>>> print(open('target.cif').read())   # mmCIF, C-alpha atoms
data_target
#
loop_
_atom_site.label_atom_id
_atom_site.label_comp_id
_atom_site.auth_asym_id
_atom_site.auth_seq_id
_atom_site.Cartn_x
_atom_site.Cartn_y
_atom_site.Cartn_z
CA MET A 1 4.43 44.13 3.69
CA LYS A 2 5.64 47.68 3.94
CA ALA A 3 7.14 49.47 0.95
CA GLU A 4 10.31 50.13 2.96
CA THR A 5 10.57 46.39 3.72
CA LEU A 6 10.51 45.71 0.00
CA ALA A 7 13.28 48.27 -0.54
CA ALA A 8 15.34 46.74 2.30
CA LEU A 9 15.07 43.25 0.76
CA GLN A 10 16.28 44.58 -2.58
CA ASP A 11 19.13 46.44 -0.90
CA ALA A 12 20.18 43.30 1.01
CA ARG A 13 20.41 41.36 -2.23
CA THR A 14 22.60 44.01 -3.88
CA LYS A 15 24.93 43.93 -0.86
CA ARG A 16 24.85 40.12 -0.62
CA ARG A 17 23.56 40.47 2.92
CA ALA A 18 21.48 37.58 4.30
CA VAL A 19 18.13 38.60 5.75
CA THR A 20 15.02 36.89 7.05
CA LEU A 21 11.66 38.62 6.83
CA ALA A 22 9.47 37.51 9.75
CA THR A 23 5.75 38.15 9.24
CA ARG A 24 3.04 37.47 11.84
CA LEU A 25 0.18 35.94 9.90
CA SER A 26 -2.63 37.37 12.06
CA ASP A 27 -1.85 41.02 11.36
CA ALA A 28 1.15 41.13 8.95
CA ALA A 29 3.39 42.69 11.62
CA GLU A 30 7.02 42.35 10.50
CA ALA A 31 10.66 42.19 11.43
CA LEU A 32 13.63 42.32 9.09
CA VAL A 33 16.25 40.18 10.79
CA TYR A 34 19.91 40.45 9.81
CA ARG A 35 22.76 38.63 11.52
CA ASP A 36 23.75 41.68 13.52
CA ASP A 37 20.66 43.84 13.35
CA ALA A 38 16.86 43.71 13.36
CA ARG A 39 14.13 46.19 12.53
CA GLY A 40 10.34 46.30 12.63
CA GLU A 41 7.45 45.65 15.03
CA LEU A 42 8.56 42.11 15.88
CA ALA A 43 12.26 43.00 16.31
CA GLY A 44 11.88 43.05 20.12
CA ASN A 45 11.00 39.35 20.28
CA ALA A 46 14.21 37.44 21.04
CA GLU A 47 12.64 34.06 20.19
CA ILE A 48 11.64 35.21 16.74
CA LEU A 49 15.07 36.74 16.12
CA ALA A 50 16.81 33.48 17.11
CA ALA A 51 14.54 31.39 14.86
CA ALA A 52 14.95 33.86 11.99
CA ARG A 53 18.75 33.60 12.23
CA ARG A 54 18.62 29.79 12.40
CA ALA A 55 16.50 29.80 9.25
CA MET A 56 19.10 32.05 7.63
CA ASP A 57 21.78 29.43 8.38
CA THR A 58 19.84 26.58 6.78
CA GLY A 59 18.42 28.71 3.97
CA LYS A 60 14.94 27.24 4.54
CA SER A 61 11.84 29.40 4.82
CA GLU A 62 9.16 28.10 7.21
CA THR A 63 6.17 28.90 9.37
CA VAL A 64 6.85 28.76 13.12
CA ASP A 65 4.41 28.89 16.05
CA PHE A 66 5.37 31.34 18.81
CA ALA A 67 3.00 30.84 21.76
CA GLY A 68 0.03 30.45 19.43
CA ALA A 69 1.01 33.22 17.03
CA LYS A 70 2.06 31.88 13.64
CA VAL A 71 5.01 33.68 12.12
CA PHE A 72 6.33 33.04 8.62
CA LEU A 73 10.10 33.27 8.27
CA ASN A 74 11.03 34.04 4.68
CA VAL A 75 14.76 33.64 4.09
CA TYR A 76 16.62 35.66 1.50
CA VAL A 77 20.20 34.40 1.29
CA PRO A 78 22.67 35.35 -1.43
CA PRO A 79 23.62 32.52 -3.84
CA PRO A 80 26.85 30.68 -2.94
CA ARG A 81 29.93 32.39 -4.27
CA LEU A 82 33.31 30.96 -5.19
CA VAL A 83 36.32 33.24 -5.12
CA ILE A 84 39.31 31.76 -6.95
CA VAL A 85 42.65 33.32 -6.12
CA GLY A 86 45.06 32.78 -9.01
CA ALA A 87 43.97 33.03 -12.66
CA VAL A 88 45.94 29.87 -13.44
CA HIS A 89 45.30 26.80 -15.59
CA ILE A 90 43.28 24.94 -12.92
CA ALA A 91 41.17 28.09 -12.47
CA GLN A 92 40.24 27.90 -16.15
CA SER A 93 38.56 24.56 -15.46
CA LEU A 94 37.30 25.42 -11.98
CA ALA A 95 35.56 28.69 -12.95
CA PRO A 96 33.20 27.33 -15.64
CA MET A 97 32.44 24.15 -13.67
CA ALA A 98 31.55 26.20 -10.60
CA ALA A 99 29.37 28.49 -12.72
CA MET A 100 27.54 25.40 -13.98
CA LEU A 101 26.87 24.51 -10.34
CA GLU A 102 25.26 27.96 -9.98
CA PHE A 103 28.05 29.50 -7.96
CA ASP A 104 28.61 33.20 -8.41
CA VAL A 105 32.27 32.95 -9.54
CA THR A 106 34.99 35.59 -9.15
CA VAL A 107 38.61 35.11 -10.21
CA VAL A 108 41.18 37.32 -8.48
CA ASP A 109 44.78 37.80 -9.56
CA PRO A 110 46.95 40.95 -9.51
CA ARG A 111 48.87 39.84 -12.62
CA GLY A 112 47.41 41.51 -15.70
CA ALA A 113 48.59 38.83 -18.14
CA TRP A 114 46.62 36.17 -16.19
CA ALA A 115 43.52 37.98 -15.01
CA THR A 116 41.86 38.55 -18.38
CA THR A 117 38.26 38.07 -19.44
CA GLN A 118 39.48 36.17 -22.54
CA ARG A 119 40.90 33.49 -20.25
CA PHE A 120 37.76 33.53 -18.10
CA PRO A 121 34.69 34.19 -20.23
CA GLY A 122 31.40 34.63 -18.40
CA VAL A 123 32.73 35.07 -14.85
CA LYS A 124 33.88 38.09 -12.88
CA VAL A 125 37.60 38.78 -13.12
CA ILE A 126 39.30 41.18 -10.72
CA GLN A 127 42.86 42.28 -11.35
CA ASP A 128 43.97 43.04 -7.82
CA TRP A 129 45.60 41.59 -4.72
CA ALA A 130 43.25 39.16 -3.01
CA ASP A 131 43.11 40.91 0.36
CA GLU A 132 42.21 44.20 -1.36
CA ALA A 133 39.62 42.50 -3.56
CA PHE A 134 38.11 40.67 -0.56
CA GLN A 135 37.66 43.94 1.25
CA ALA A 136 35.85 45.46 -1.70
CA MET A 137 33.55 42.47 -2.29
CA GLY A 138 32.96 41.51 1.37
CA LEU A 139 33.35 37.80 2.19
CA ASP A 140 30.30 36.17 3.77
CA VAL A 141 29.09 32.83 5.09
CA SER A 142 27.89 31.72 1.65
CA THR A 143 31.33 32.27 0.09
CA ALA A 144 34.06 29.69 -0.61
CA VAL A 145 37.66 30.78 -1.20
CA VAL A 146 40.26 28.69 -3.04
CA THR A 147 43.88 29.73 -3.53
CA LEU A 148 45.67 28.26 -6.55
CA THR A 149 48.72 30.44 -7.26
CA HIS A 150 51.37 28.33 -5.44
CA ASP A 151 53.01 31.67 -4.67
CA PRO A 152 53.11 32.61 -0.97
CA LYS A 153 53.16 36.32 -1.94
CA LEU A 154 49.70 35.88 -3.46
CA ASP A 155 48.21 32.96 -1.52
CA ASP A 156 49.20 33.86 2.05
CA PRO A 157 47.51 37.28 2.30
CA ALA A 158 44.40 35.74 0.70
CA LEU A 159 44.28 32.93 3.26
CA GLU A 160 44.95 35.33 6.12
CA ALA A 161 42.04 37.53 5.02
CA ALA A 162 39.73 34.56 4.39
CA LEU A 163 40.49 33.16 7.86
CA LYS A 164 39.35 36.41 9.43
CA SER A 165 35.97 36.09 7.71
CA ASP A 166 33.16 33.55 8.18
CA VAL A 167 33.40 31.99 4.69
CA PHE A 168 32.09 28.41 4.71
CA TYR A 169 35.07 26.92 2.87
CA ILE A 170 38.75 27.71 2.44
CA GLY A 171 40.98 25.56 0.25
CA ALA A 172 44.64 25.93 -0.71
CA LEU A 173 46.41 24.14 -3.55
CA GLY A 174 49.74 22.59 -2.67
CA SER A 175 51.32 19.36 -1.41
CA ARG A 176 51.40 18.30 2.24
CA ARG A 177 54.90 19.74 2.52
CA THR A 178 53.83 23.05 0.96
CA HIS A 179 50.86 23.11 3.30
CA ALA A 180 53.03 22.54 6.38
CA LYS A 181 55.31 25.42 5.37
CA ARG A 182 52.28 27.59 4.77
CA LYS A 183 51.11 26.85 8.30
CA GLU A 184 54.46 28.01 9.69
CA ARG A 185 54.41 31.24 7.69
CA LEU A 186 50.85 32.08 8.69
CA ALA A 187 51.63 31.33 12.35
CA GLU A 188 54.08 34.24 12.20
CA VAL A 189 51.21 36.61 11.35
CA GLY A 190 49.04 35.30 14.18
CA VAL A 191 47.12 32.44 12.55
CA THR A 192 46.76 29.83 15.30
CA GLU A 193 46.71 26.07 14.70
CA GLU A 194 42.97 26.06 15.39
CA MET A 195 42.35 28.81 12.84
CA PHE A 196 44.56 27.13 10.25
CA ALA A 197 42.56 23.90 10.62
CA ARG A 198 39.81 25.60 8.58
CA VAL A 199 42.04 25.50 5.50
CA HIS A 200 41.51 22.42 3.34
CA GLY A 201 44.95 21.44 2.13
CA PRO A 202 46.01 19.69 0.07
CA VAL A 203 42.83 21.00 -1.53
CA GLY A 204 40.05 18.77 -2.84
CA LEU A 205 38.77 15.23 -2.35
CA ASN A 206 41.35 12.49 -2.70
CA ILE A 207 40.18 10.98 -6.01
CA GLY A 208 43.58 10.71 -7.64
CA ALA A 209 42.98 13.87 -9.69
CA LYS A 210 45.83 14.74 -12.06
CA SER A 211 44.71 17.06 -14.87
CA PRO A 212 43.50 20.62 -14.18
CA ALA A 213 39.90 19.57 -14.93
CA GLU A 214 40.14 16.56 -12.60
CA ILE A 215 41.57 18.75 -9.84
CA ALA A 216 38.69 21.17 -10.39
CA VAL A 217 36.23 18.29 -9.94
CA SER A 218 37.93 17.20 -6.71
CA ILE A 219 37.84 20.78 -5.37
CA LEU A 220 34.17 21.26 -6.25
CA GLY A 221 33.31 17.83 -4.82
CA GLN A 222 34.82 18.94 -1.53
CA ILE A 223 33.07 22.31 -1.58
CA ILE A 224 29.70 20.65 -2.27
CA GLU A 225 30.32 18.16 0.55
CA VAL A 226 31.35 20.81 3.09
CA ARG A 227 28.36 22.97 2.20
CA ALA A 228 25.85 20.09 2.33
CA ARG A 229 27.18 18.75 5.67
CA ARG A 230 27.06 22.22 7.15
CA LEU A 231 23.45 22.75 6.08
CA GLU A 232 22.53 19.27 7.39
CA ALA A 233 24.17 19.98 10.75
CA LEU A 234 22.37 23.30 11.02
CA SER A 235 18.96 21.77 10.17
CA ALA A 236 19.21 18.68 12.36
CA PRO A 237 18.81 20.12 15.89
CA LYS A 238 15.96 22.36 14.77
CA VAL A 239 13.98 19.41 13.37
CA ALA A 240 14.52 17.48 16.60
CA ALA A 241 13.30 20.42 18.69
CA ALA A 242 10.18 20.85 16.58
CA MET B 1 15.16 32.39 -4.43
CA SER B 2 16.01 34.53 -7.44
CA ASP B 3 12.38 34.06 -8.53
CA ALA B 4 11.22 35.67 -5.32
CA LEU B 5 13.57 38.59 -5.88
CA GLU B 6 12.28 39.08 -9.41
CA VAL B 7 8.79 39.27 -7.95
CA LEU B 8 9.88 41.87 -5.43
CA ASP B 9 11.51 43.94 -8.19
CA GLN B 10 8.31 44.01 -10.23
CA VAL B 11 6.19 44.69 -7.16
CA GLY B 12 8.50 47.59 -6.32
CA LYS B 13 8.04 49.02 -9.82
CA TRP B 14 4.24 48.75 -9.61
CA LYS B 15 4.33 50.41 -6.21
CA ALA B 16 6.56 53.21 -7.53
CA ASP B 17 4.04 53.74 -10.34
CA GLY B 18 1.38 54.37 -7.70
CA LYS B 19 -0.49 51.09 -8.19
CA GLY B 20 -2.17 49.06 -5.46
CA VAL B 21 -0.12 45.91 -4.96
CA ALA B 22 -0.35 42.65 -2.99
CA VAL B 23 2.10 39.81 -2.44
CA ALA B 24 1.05 36.16 -2.00
CA THR B 25 3.56 33.75 -0.44
CA VAL B 26 3.51 29.96 -0.06
CA ILE B 27 4.02 29.49 3.69
CA VAL B 28 3.27 25.78 4.24
CA THR B 29 3.21 22.80 1.87
CA TRP B 30 2.17 19.18 2.32
CA GLY B 31 2.73 16.35 -0.11
CA SER B 32 3.62 16.99 -3.71
CA SER B 33 2.91 20.71 -3.99
CA PRO B 34 4.44 22.21 -7.11
CA ARG B 35 6.19 25.26 -5.60
CA PRO B 36 8.34 25.34 -2.46
CA VAL B 37 7.75 27.38 0.70
CA GLY B 38 8.75 31.00 0.12
CA SER B 39 7.51 31.09 -3.51
CA GLN B 40 5.76 34.36 -4.26
CA LEU B 41 3.18 35.87 -6.57
CA GLY B 42 2.88 39.62 -6.98
CA VAL B 43 -0.46 41.10 -8.08
CA ASP B 44 -1.32 44.66 -9.04
CA ASP B 45 -4.74 46.35 -8.80
CA ALA B 46 -5.46 45.51 -12.47
CA GLY B 47 -4.89 41.79 -11.82
CA ASN B 48 -1.46 41.63 -13.48
CA MET B 49 0.72 38.84 -12.06
CA VAL B 50 4.42 38.18 -11.58
CA GLY B 51 5.92 34.95 -10.21
CA SER B 52 3.91 31.92 -9.07
CA VAL B 53 2.65 30.07 -6.02
CA SER B 54 1.64 26.82 -7.73
CA GLY B 55 2.84 26.71 -11.29
CA GLY B 56 -0.51 27.88 -12.61
CA CYS B 57 -3.10 25.83 -10.69
CA ILE B 58 -4.42 28.16 -7.98
CA GLU B 59 -3.25 31.55 -9.22
CA GLY B 60 -6.77 32.55 -10.32
CA ALA B 61 -8.18 32.11 -6.83
CA VAL B 62 -5.16 33.80 -5.24
CA VAL B 63 -5.41 36.83 -7.56
CA LYS B 64 -9.07 37.28 -6.57
CA GLU B 65 -8.12 37.33 -2.87
CA ALA B 66 -5.16 39.60 -3.61
CA LEU B 67 -7.46 42.14 -5.28
CA ASP B 68 -9.70 42.06 -2.19
CA ALA B 69 -6.64 42.52 0.06
CA ILE B 70 -5.57 45.55 -2.00
CA LYS B 71 -9.06 47.02 -1.42
CA ASP B 72 -9.51 46.36 2.31
CA GLY B 73 -5.84 46.19 3.40
CA LYS B 74 -6.38 43.01 5.45
CA PRO B 75 -3.99 40.05 5.25
CA ARG B 76 -5.45 36.64 4.29
CA LEU B 77 -4.52 33.04 4.91
CA LEU B 78 -5.69 30.67 2.15
CA ASP B 79 -5.76 26.87 2.14
CA PHE B 80 -5.79 24.92 -1.08
CA GLY B 81 -6.09 21.25 -1.91
CA VAL B 82 -7.75 19.96 1.25
CA THR B 83 -9.47 17.08 -0.55
CA ASP B 84 -8.83 15.63 -3.97
CA GLU B 85 -12.16 16.99 -5.16
CA GLN B 86 -11.46 20.52 -3.93
CA ALA B 87 -7.93 20.24 -5.25
CA TRP B 88 -9.39 19.52 -8.64
CA ASP B 89 -11.78 22.45 -8.32
CA VAL B 90 -9.02 24.98 -7.78
CA GLY B 91 -6.80 23.18 -10.23
CA LEU B 92 -4.29 21.62 -7.85
CA ALA B 93 -4.48 18.37 -9.77
CA CYS B 94 -1.26 17.03 -8.28
CA GLY B 95 -3.05 16.37 -4.97
CA GLY B 96 -0.66 18.49 -2.89
CA LYS B 97 -1.76 21.02 -0.32
CA VAL B 98 -0.53 24.56 0.10
CA GLN B 99 -1.20 27.41 2.46
CA VAL B 100 -0.81 30.88 0.97
CA PHE B 101 -0.50 34.17 2.84
CA VAL B 102 -1.75 37.23 0.98
CA GLU B 103 -0.94 40.78 2.08
CA LYS B 104 -1.11 44.25 0.68
CA VAL B 105 2.08 46.25 0.18
CA ASN B 106 1.53 49.44 2.16
#
>>> encode(input="target.cif", output="C-alpha cells")
Amino acid sequence: MKAETLAALQDARTKRRAVTLATRLSDAAEALVYRDDARGELAGNAEILAAARRAMDTGKSETVDFAGAKVFLNVYVPPPRLVIVGAVHIAQSLAPMAAMLEFDVTVVDPRGAWATTQRFPGVKVIQDWADEAFQAMGLDVSTAVVTLTHDPKLDDPALEAALKSDVFYIGALGSRRTHAKRKERLAEVGVTEEMFARVHGPVGLNIGAKSPAEIAVSILGQIIEVRARRLEALSAPKVAAA
Amino acid sequence: MSDALEVLDQVGKWKADGKGVAVATVIVTWGSSPRPVGSQLGVDDAGNMVGSVSGGCIEGAVVKEALDAIKDGKPRLLDFGVTDEQAWDVGLACGGKVQVFVEKVN
C-alpha cells in the first residue's frame, strides 16, 4: 500500500465518499476506485473497475480472480445516514432509535425553536432549510431522507433536492390525500410521476402505528427493509455469475 | 468498517513518524473464522499492533511476517488453519480458515 493511498482512504471517509481499494496480490499493484473516478496502476483495467464498483454497491469486500491474477477488493463505504427534515415530535423518537441502529443521524429544520440540541441530544442538528443543508452535507447512496414537517414550504424543497440525488430511501409523512397533493405540487417543478414513485408515502410500514414512537418504528422498519432488499438485489446476480 | 479506518489512522501516524509499517488484511475466509473479510492489522517496525485479523489467534505469526515485509518490501500471502492440528498450532482454535495478505506501506 502506498502512503498516498492511505491518505486518500482517510480523505474519502471524511467526505463520506465510497471507495474500493483494489490490490493485486502478486505484486501489491493498486487502484483506488470511486464511482466516477479511478487512480493507480490497475485503474486502466475496466473489468477490475466494474467489479470494484459492484463491491461498493453491496458493501462486501472480496477476492476476485481476473484471468489468473487474484485481486482483493477492499470496500470502504460510509455508514448509512438518516437525514430527518423537521425537528418535530416524531423526529424526537426517530432520531434516537435510528442512532441505536447505527445510523449517522442529522436533523434539519430552519426554525430555531425546534432545531435545538436540547430536543435532540447526541445527534447532529442543523438549523437551516433542507435544500441548503443537503448541498452542504452532500447526499449519497447510503443516505435516507425523511420529511416530517407537514409543511409544503419545508417538505417540498427537501423532497425535490432528495429526488435529484441517489439516496437509497425517501419518505414523506402525510396521508394519502396529502401525498397526492404533494405529487401535483412537485410535478409543477418538473418532478415526473416516475421520479415521484421513489417517495415512500404515506411513510413507513403499515403496522397501525399511532404514537410518535410507533410511527418512528414503522419508518425505520421500512428503511431497514428497503436497504436490505437493495443490498440483496445487488449481491444476487454477482453470486450467480461467480 | 470503522475498525479498519482506525487501523489506517494509526498506520498513518506511524508512517508520519518515520516508522516502517505494514498492513495485514483478511482477504478470504472459510468456515467459522473470527474476523470478516476486510479486517486489518497494522504493524510497525517495533512490532506494535493495531486492529486484528483473528481476534488474537494468529496475530503473532502475522506480526512476524509483517516485520519481514517491512524489511524486504515484498507482499506476502498467508494461509492459516488448513487442518485442525495446524489451526491449533497457530491458535485458530475455532477451526476456521483465513487467508491474510501482508504488505508494506511505501
>>> atom_distance(input="target.cif", atom1="atom CA of A:Gly171", atom2="atom CA of A:Arg229")
16.3 Å
>>> resolve_selection(input="target.cif", expression="the PyMOL selection byres ((chain A) within 10 of (chain B))", output="MDAnalysis selection string")
chainID A and resid 1:7 9:10 13 23:28 59:64 71:79
>>> atom_distance(input="target.cif", atom1="atom CA of A:Thr147", atom2="atom CA of A:Ala172")
4.8 Å
>>> resolve_selection(input="target.cif", expression="the PyMOL selection byres ((chain B and resi 54-65) around 9)", output="JSON, numbers by chain")
{"B": [22, 24, 26, 33, 34, 35, 36, 39, 41, 42, 43, 44, 47, 48, 49, 51, 52, 53, 66, 67, 68, 69, 70, 76, 78, 80, 90, 91, 92, 93, 98, 100, 102]}
>>> resolve_selection(input="target.cif", expression="the PyMOL selection byres ((chain A and resi 139) around 8)", output="MDAnalysis selection string")
chainID A and resid 134:135 137:138 140:141 143 162 165:167
>>> residues_around(input="target.cif", residues="A:Pro96", least_positions_apart="3", cutoff="10 Å", atoms="all atoms listed in the file", output="JSON, numbers by chain")
{"A": [91, 92, 93, 99, 100, 101, 102, 103, 105, 120, 121, 122, 123, 216]}
>>> residues_around(input="target.cif", residues="A:Val88", least_positions_apart="2", cutoff="9 Å", atoms="all atoms listed in the file", output="ChimeraX atom specification")
/A:85-86,90-92,109,114-115,148-149
>>> atom_distance(input="target.cif", atom1="atom CA of B:Gly96", atom2="atom CA of B:Trp30")
6.0 Å
>>> residues_near_point(input="target.cif", point="(22.9, 41.3, 14.1)", cutoff="12 Å", atoms="only C-alpha atoms", output="PyMOL selection string")
chain A and resi 17-20+32-39+43+46+49-50+52-53+56
>>> decode(input="target.cif", residues="stretch 81-98 of chain A", atoms="N, CA, C and O atoms", output="CSV table (one decimal), in the first residue's frame")
chain,number,residue,atom,x,y,z
A,81,ARG,N,-26.7,6.9,6.6
A,81,ARG,CA,-27.1,8.2,7.3
A,81,ARG,C,-28.5,8.4,7.1
A,81,ARG,O,-29.1,8.1,6.1
A,82,LEU,N,-29.2,8.9,8.2
A,82,LEU,CA,-30.6,9.3,8.1
A,82,LEU,C,-30.7,10.8,8.3
A,82,LEU,O,-30.2,11.3,9.3
A,83,VAL,N,-31.3,11.5,7.3
A,83,VAL,CA,-31.5,12.9,7.4
A,83,VAL,C,-33.0,13.1,7.7
A,83,VAL,O,-33.8,12.7,6.9
A,84,ILE,N,-33.3,13.7,8.8
A,84,ILE,CA,-34.7,13.9,9.2
A,84,ILE,C,-35.0,15.4,9.0
A,84,ILE,O,-34.4,16.3,9.6
A,85,VAL,N,-36.0,15.7,8.1
A,85,VAL,CA,-36.3,17.1,7.9
A,85,VAL,C,-37.6,17.4,8.7
A,85,VAL,O,-38.6,16.8,8.5
A,86,GLY,N,-37.4,18.3,9.6
A,86,GLY,CA,-38.5,18.6,10.6
A,86,GLY,C,-38.2,18.1,12.0
A,86,GLY,O,-38.2,16.9,12.2
A,87,ALA,N,-37.8,19.1,12.8
A,87,ALA,CA,-37.4,18.8,14.2
A,87,ALA,C,-38.6,18.6,15.1
A,87,ALA,O,-38.8,19.2,16.2
A,88,VAL,N,-39.6,17.8,14.6
A,88,VAL,CA,-40.9,17.7,15.3
A,88,VAL,C,-40.9,16.5,16.3
A,88,VAL,O,-39.9,15.8,16.5
A,89,HIS,N,-42.1,16.3,16.9
A,89,HIS,CA,-42.3,15.3,17.9
A,89,HIS,C,-41.9,13.9,17.4
A,89,HIS,O,-41.1,13.2,18.1
A,90,ILE,N,-42.3,13.5,16.2
A,90,ILE,CA,-41.9,12.2,15.7
A,90,ILE,C,-40.4,12.1,15.6
A,90,ILE,O,-39.8,11.0,15.8
A,91,ALA,N,-39.8,13.2,15.2
A,91,ALA,CA,-38.3,13.2,15.0
A,91,ALA,C,-37.6,12.9,16.3
A,91,ALA,O,-36.6,12.3,16.3
A,92,GLN,N,-38.3,13.3,17.4
A,92,GLN,CA,-37.6,13.1,18.7
A,92,GLN,C,-37.6,11.6,19.1
A,92,GLN,O,-36.8,11.2,19.9
A,93,SER,N,-38.5,10.8,18.5
A,93,SER,CA,-38.4,9.4,18.7
A,93,SER,C,-37.5,8.8,17.6
A,93,SER,O,-36.8,7.9,17.9
A,94,LEU,N,-37.7,9.3,16.4
A,94,LEU,CA,-37.0,8.7,15.2
A,94,LEU,C,-35.5,8.8,15.4
A,94,LEU,O,-34.7,7.9,15.1
A,95,ALA,N,-35.0,10.0,15.8
A,95,ALA,CA,-33.6,10.3,15.9
A,95,ALA,C,-32.8,9.3,16.8
A,95,ALA,O,-31.9,8.6,16.4
A,96,PRO,N,-33.3,9.1,18.1
A,96,PRO,CA,-32.5,8.2,18.9
A,96,PRO,C,-32.6,6.8,18.5
A,96,PRO,O,-31.7,6.0,18.7
A,97,MET,N,-33.8,6.4,18.0
A,97,MET,CA,-34.0,5.0,17.5
A,97,MET,C,-33.0,4.7,16.4
A,97,MET,O,-32.4,3.6,16.3
A,98,ALA,N,-32.9,5.7,15.4
A,98,ALA,CA,-32.0,5.5,14.3
A,98,ALA,C,-30.6,5.4,14.7
A,98,ALA,O,-29.8,4.7,14.2
